[in-house]
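Peer 1: Starting off with a structure, shown below.
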Amino acid sequence: MTFPHHPAAGAFDAVPPLDGELCRDEAALDAASTDFGGLVHERPAAVLKPGSAEDVATMVRYCRERGLHMAGRGQGHSTHGQAQVPSGLVIDLSTLNSVEIHDDTAIVQSGALWSALVRATLPVGLTPPVFTDYLELSIGGTLSAGGLGGQIGRYGAQGDNVLELQVVTGEGELTTCSPTVRPDLFRAVLGGLGQCGLITRATIPLVRAPRSVRLYTLTCPSVAALTAQQAELIGEGRFDYLVGQVQSPSGEGWTYVIEAAAYDATRADDARLTGDLEHLAVQAQDLPYFEFLDRIAPLVETLKSIGEWKRPHPWYDSLLPASSVDAVVTTTLASLKARALGASAVILLYPVLTEKCTTPLPVMPDEELAYLFSLLKTASPGADSPEEMVAANRAQYDATVDAGGHWYPIGSVPLSRADWVRHFGGFWDEFRAARRRYDPDGILTPGQHIF
């Protein structure tokens, strides 16, 4: 079924009673018309601030009956209009933010932030097992993408650490799913980019929380040295957390850095943890656990203070197989100029054990070891334009695919239908079947441009 781009006037004039609020004021529409990327601006006709999961189901049914598109929005941290709906309905899930702790599990609504969840679990000595670098993201948002972080070597992605979901399908059905209850829906929703259902609640397992973290910073001489050292460390399971960055402190040349953390370790553990590693330099610091998880927060405040946080962010994220990571990264860095990244860009490069990623999405390279390679760009004054950065992303995407890699689809790369089919690969038929079953009229999350 094809729906009109612009609904008829008064499309939201007959909304049934809700526990929350349907907003049509300029401020609400403006806020839902953009995202962290600042590249795409699509204005909805209305914004729902639900007071309950039933509100979400009610409005999905309402929109389906009238041929209106809709999408859920957490913190709006996507970068290319993924949660925008021109002339349709945006569901601001931030109002669904309750957190409940039950023994060794957390039952959380999708709009709750990861920072709120960990603040609720730490007083009882527990923690979610996996975090992304930035805690001020919504639980539903990262689970819809996959949720990659430095603990992936032990626990997989955030999407691999979910016991049950409450979901509203594209038919407006409020239902639950899990690995054993409607598993096709569960598999299609975790990492499924909002195509088959909107997450309204998740049940997440908890593990014992450490009190402190010994954080090591290791400097390597080259890309090959960095990836080889990371491969050894993640294979051994020596550290509880392992990531890496490529930095250019002086604006010329590259520095290759590993961040490796051991929970509840002390200086007495240094020889055991780092004494045999080949590196140019090592630094260590001790942090309380929450401060370690939230250490990006001061940087974010700095970026906000200098205006960088609100500038366009044409991000690129990819997953490369170990067999080609050195060649792709080395070639990319050799031609990468400062103006192509912006003043506050971050380049991530760290290992992923694909066997730990047990859900089919996000799509992983077909090797035991892969690497997240991210170019987190900012269109700063004097840098390349956002349009030039997006074009460069497309070229980088083609190089990634040619090398056997995959896009981690949270960034700014315009893809065709054929690109998406190739992206999902062997999961495409199952994913398309779930879409047809659970969103037969295709009303959910049009900003992804998948179907």
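Simple scheme: letters A, B, ... for chains in structure tokens order, numbers from 1 for residues in each chain, numbers from 1 for ligands in the order shown.
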Which neighbours of Asp184 in chain A fall inside 12 Å, counting only C-alpha atoms, when residues of the same chain fewer than 2 positions from it are skipped, and could you give them as a tab-separated table (two decimals) with N, CA and C atoms, in the first residue's frame?

Peer 2:
chain	number	residue	atom	x	y	z
A	176	THR	N	4.25	-8.99	23.68
A	176	THR	CA	5.58	-9.28	24.17
A	176	THR	C	6.22	-10.33	23.28
A	177	CYS	N	7.54	-10.30	23.26
A	177	CYS	CA	8.28	-11.29	22.49
A	177	CYS	C	9.61	-11.56	23.18
A	178	SER	N	10.17	-12.71	22.88
A	178	SER	CA	11.40	-13.15	23.51
A	178	SER	C	12.03	-14.21	22.62
A	179	PRO	N	13.14	-14.80	23.03
A	179	PRO	CA	13.72	-15.88	22.22
A	179	PRO	C	12.79	-17.09	22.06
A	180	THR	N	11.79	-17.22	22.93
A	180	THR	CA	10.89	-18.38	22.85
A	180	THR	C	9.44	-18.00	22.56
A	181	VAL	N	9.08	-16.73	22.71
A	181	VAL	CA	7.72	-16.26	22.44
A	181	VAL	C	7.78	-15.28	21.27
A	182	ARG	N	7.13	-15.63	20.19
A	182	ARG	CA	7.20	-14.85	18.94
A	182	ARG	C	8.66	-14.51	18.61
A	186	PHE	N	10.95	-10.92	17.84
A	186	PHE	CA	12.09	-10.58	18.70
A	186	PHE	C	13.34	-10.37	17.85
A	187	ARG	N	13.61	-11.28	16.94
A	187	ARG	CA	14.80	-11.20	16.10
A	187	ARG	C	14.74	-10.01	15.15
A	188	ALA	N	13.55	-9.66	14.71
A	188	ALA	CA	13.41	-8.57	13.75
A	188	ALA	C	13.40	-7.20	14.40
A	189	VAL	N	13.08	-7.13	15.69
A	189	VAL	CA	13.00	-5.85	16.38
A	189	VAL	C	14.35	-5.43	16.97
A	190	LEU	N	15.09	-6.37	17.56
A	190	LEU	CA	16.40	-6.04	18.11
A	190	LEU	C	17.37	-5.75	16.96
A	192	GLY	N	16.53	-3.94	14.53
A	192	GLY	CA	15.71	-3.88	13.33
A	192	GLY	C	15.30	-2.49	12.90
A	196	CYS	N	9.64	-3.30	12.15
A	196	CYS	CA	8.59	-4.30	12.41
A	196	CYS	C	7.82	-4.04	13.69
A	197	GLY	N	8.32	-3.17	14.53
A	197	GLY	CA	7.65	-2.86	15.78
A	197	GLY	C	8.41	-1.80	16.54
A	359	THR	N	22.33	-12.35	18.25
A	359	THR	CA	21.15	-11.95	17.49
A	359	THR	C	21.57	-11.68	16.04
A	360	PRO	N	20.65	-11.84	15.09
A	360	PRO	CA	21.06	-11.68	13.69
A	360	PRO	C	21.37	-10.25	13.29
A	427	PHE	N	19.87	-12.58	6.06
A	427	PHE	CA	18.72	-12.32	6.94
A	427	PHE	C	17.60	-11.57	6.21
A	429	ASP	N	15.46	-12.19	3.73
A	429	ASP	CA	14.17	-12.85	3.52
A	429	ASP	C	13.38	-12.95	4.82
A	430	GLU	N	14.06	-13.29	5.91
A	430	GLU	CA	13.37	-13.37	7.21
A	430	GLU	C	12.91	-11.98	7.66
A	431	PHE	N	13.74	-11.00	7.45
A	431	PHE	CA	13.41	-9.64	7.85
A	431	PHE	C	12.22	-9.11	7.05
A	432	ARG	N	12.23	-9.35	5.75
A	432	ARG	CA	11.12	-8.91	4.90
A	432	ARG	C	9.83	-9.62	5.27
A	433	ALA	N	9.92	-10.91	5.62
A	433	ALA	CA	8.73	-11.66	6.02
A	433	ALA	C	8.16	-11.10	7.33
A	434	ALA	N	9.05	-10.72	8.26
A	434	ALA	CA	8.59	-10.13	9.52
A	434	ALA	C	7.94	-8.77	9.27
A	435	ARG	N	8.49	-8.01	8.37
A	435	ARG	CA	7.90	-6.72	8.03
A	435	ARG	C	6.49	-6.92	7.48
A	436	ARG	N	6.34	-7.86	6.57
A	436	ARG	CA	5.01	-8.10	5.96
A	436	ARG	C	4.02	-8.61	6.99
A	437	ARG	N	4.51	-9.40	7.94
A	437	ARG	CA	3.60	-9.96	8.94
A	437	ARG	C	3.20	-8.92	9.98
A	438	TYR	N	4.18	-8.13	10.47
A	438	TYR	CA	3.93	-7.27	11.62
A	438	TYR	C	3.67	-5.81	11.26

Peer 1: Could you tell me, as a PyMOL selection string, which residues of range 158-254 of chain A DSSP assigns to strand (DSSP E or B) when given the backbone?

Peer 2: chain A and resi 164-169+174-177+197-205+207-208+212-220+241-247

Peer 1: Could you please take those selected residues and save C-alpha atoms as a short mmCIF file (atom, residue, chain, number, x, y, z; two decimals), in the first residue's frame?

Peer 2:
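Contents of part-v4.cif, freshly written:
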data_model
loop_
_atom_site.label_atom_id
_atom_site.label_comp_id
_atom_site.auth_asym_id
_atom_site.auth_seq_id
_atom_site.Cartn_x
_atom_site.Cartn_y
_atom_site.Cartn_z
CA GLU A 164 12.03 -9.95 26.73
CA LEU A 165 10.56 -7.02 24.84
CA GLN A 166 7.20 -5.33 24.89
CA VAL A 167 6.51 -4.13 21.36
CA VAL A 168 3.81 -2.32 19.43
CA THR A 169 3.61 -3.78 15.93
CA LEU A 174 0.74 -4.39 22.03
CA THR A 175 2.55 -7.68 22.59
CA THR A 176 5.58 -9.28 24.17
CA CYS A 177 8.28 -11.29 22.49
CA GLY A 197 7.65 -2.86 15.78
CA LEU A 198 8.31 -0.07 18.26
CA ILE A 199 9.93 -1.11 21.53
CA THR A 200 8.02 0.17 24.57
CA ARG A 201 9.66 -1.93 27.30
CA ALA A 202 12.66 -4.22 27.74
CA THR A 203 13.68 -6.76 30.35
CA ILE A 204 17.45 -6.67 30.78
CA PRO A 205 19.64 -9.04 32.81
CA VAL A 207 25.35 -8.62 36.63
CA ARG A 208 27.42 -7.77 39.66
CA SER A 212 36.20 0.59 40.72
CA VAL A 213 37.93 0.39 37.37
CA ARG A 214 41.63 0.37 36.52
CA LEU A 215 41.79 2.04 33.10
CA TYR A 216 44.89 1.60 30.96
CA THR A 217 45.80 3.71 27.93
CA LEU A 218 48.23 1.96 25.59
CA THR A 219 49.86 3.68 22.62
CA CYS A 220 50.75 1.59 19.56
CA TYR A 241 36.42 -3.45 28.51
CA LEU A 242 38.42 -2.86 25.33
CA VAL A 243 38.19 -0.09 22.75
CA GLY A 244 40.55 1.88 20.55
CA GLN A 245 40.93 5.23 18.85
CA VAL A 246 42.99 6.80 16.11
CA GLN A 247 43.96 10.30 17.15
#

Peer 1: As a PyMOL selection string, please: every residue in range 102-261 of chain A that a backbone DSSP assignment puts in alpha helix (DSSP H).

Peer 2: chain A and resi 114-121+139-145+152-155+183-189+223-236

Peer 1: Find, counting only C-alpha atoms, the residue in A:Leu143, A:Val346, A:Leu226, A:Leu361 that gets nearest to Asp317 in chain A.

Peer 2: A:Val346

Peer 1: Residues near range 295-302 of chain A, anyone? I mean within 9 Å using only C-alpha atoms, not counting same-chain ones fewer than 5 positions away, as a PyMOL selection string.

Peer 2: chain A and resi 133-136+290+307-309

Peer 1: CA of Thr142 in chain A and CA of Gly191 in chain A, how far apart in Å?

Peer 2: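 These two atoms are separated by 8.1 Å.
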
Peer 1: Taking only C-alpha atoms into account, name the residue in A:Gly67, A:Gly140, A:Pro128, A:Gly194 that is nearest to Leu93 in chain A.

Peer 2: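 Among A:Gly67, A:Gly140, A:Pro128, A:Gly194, it is A:Gly140 that comes nearest to Leu93 in chain A.
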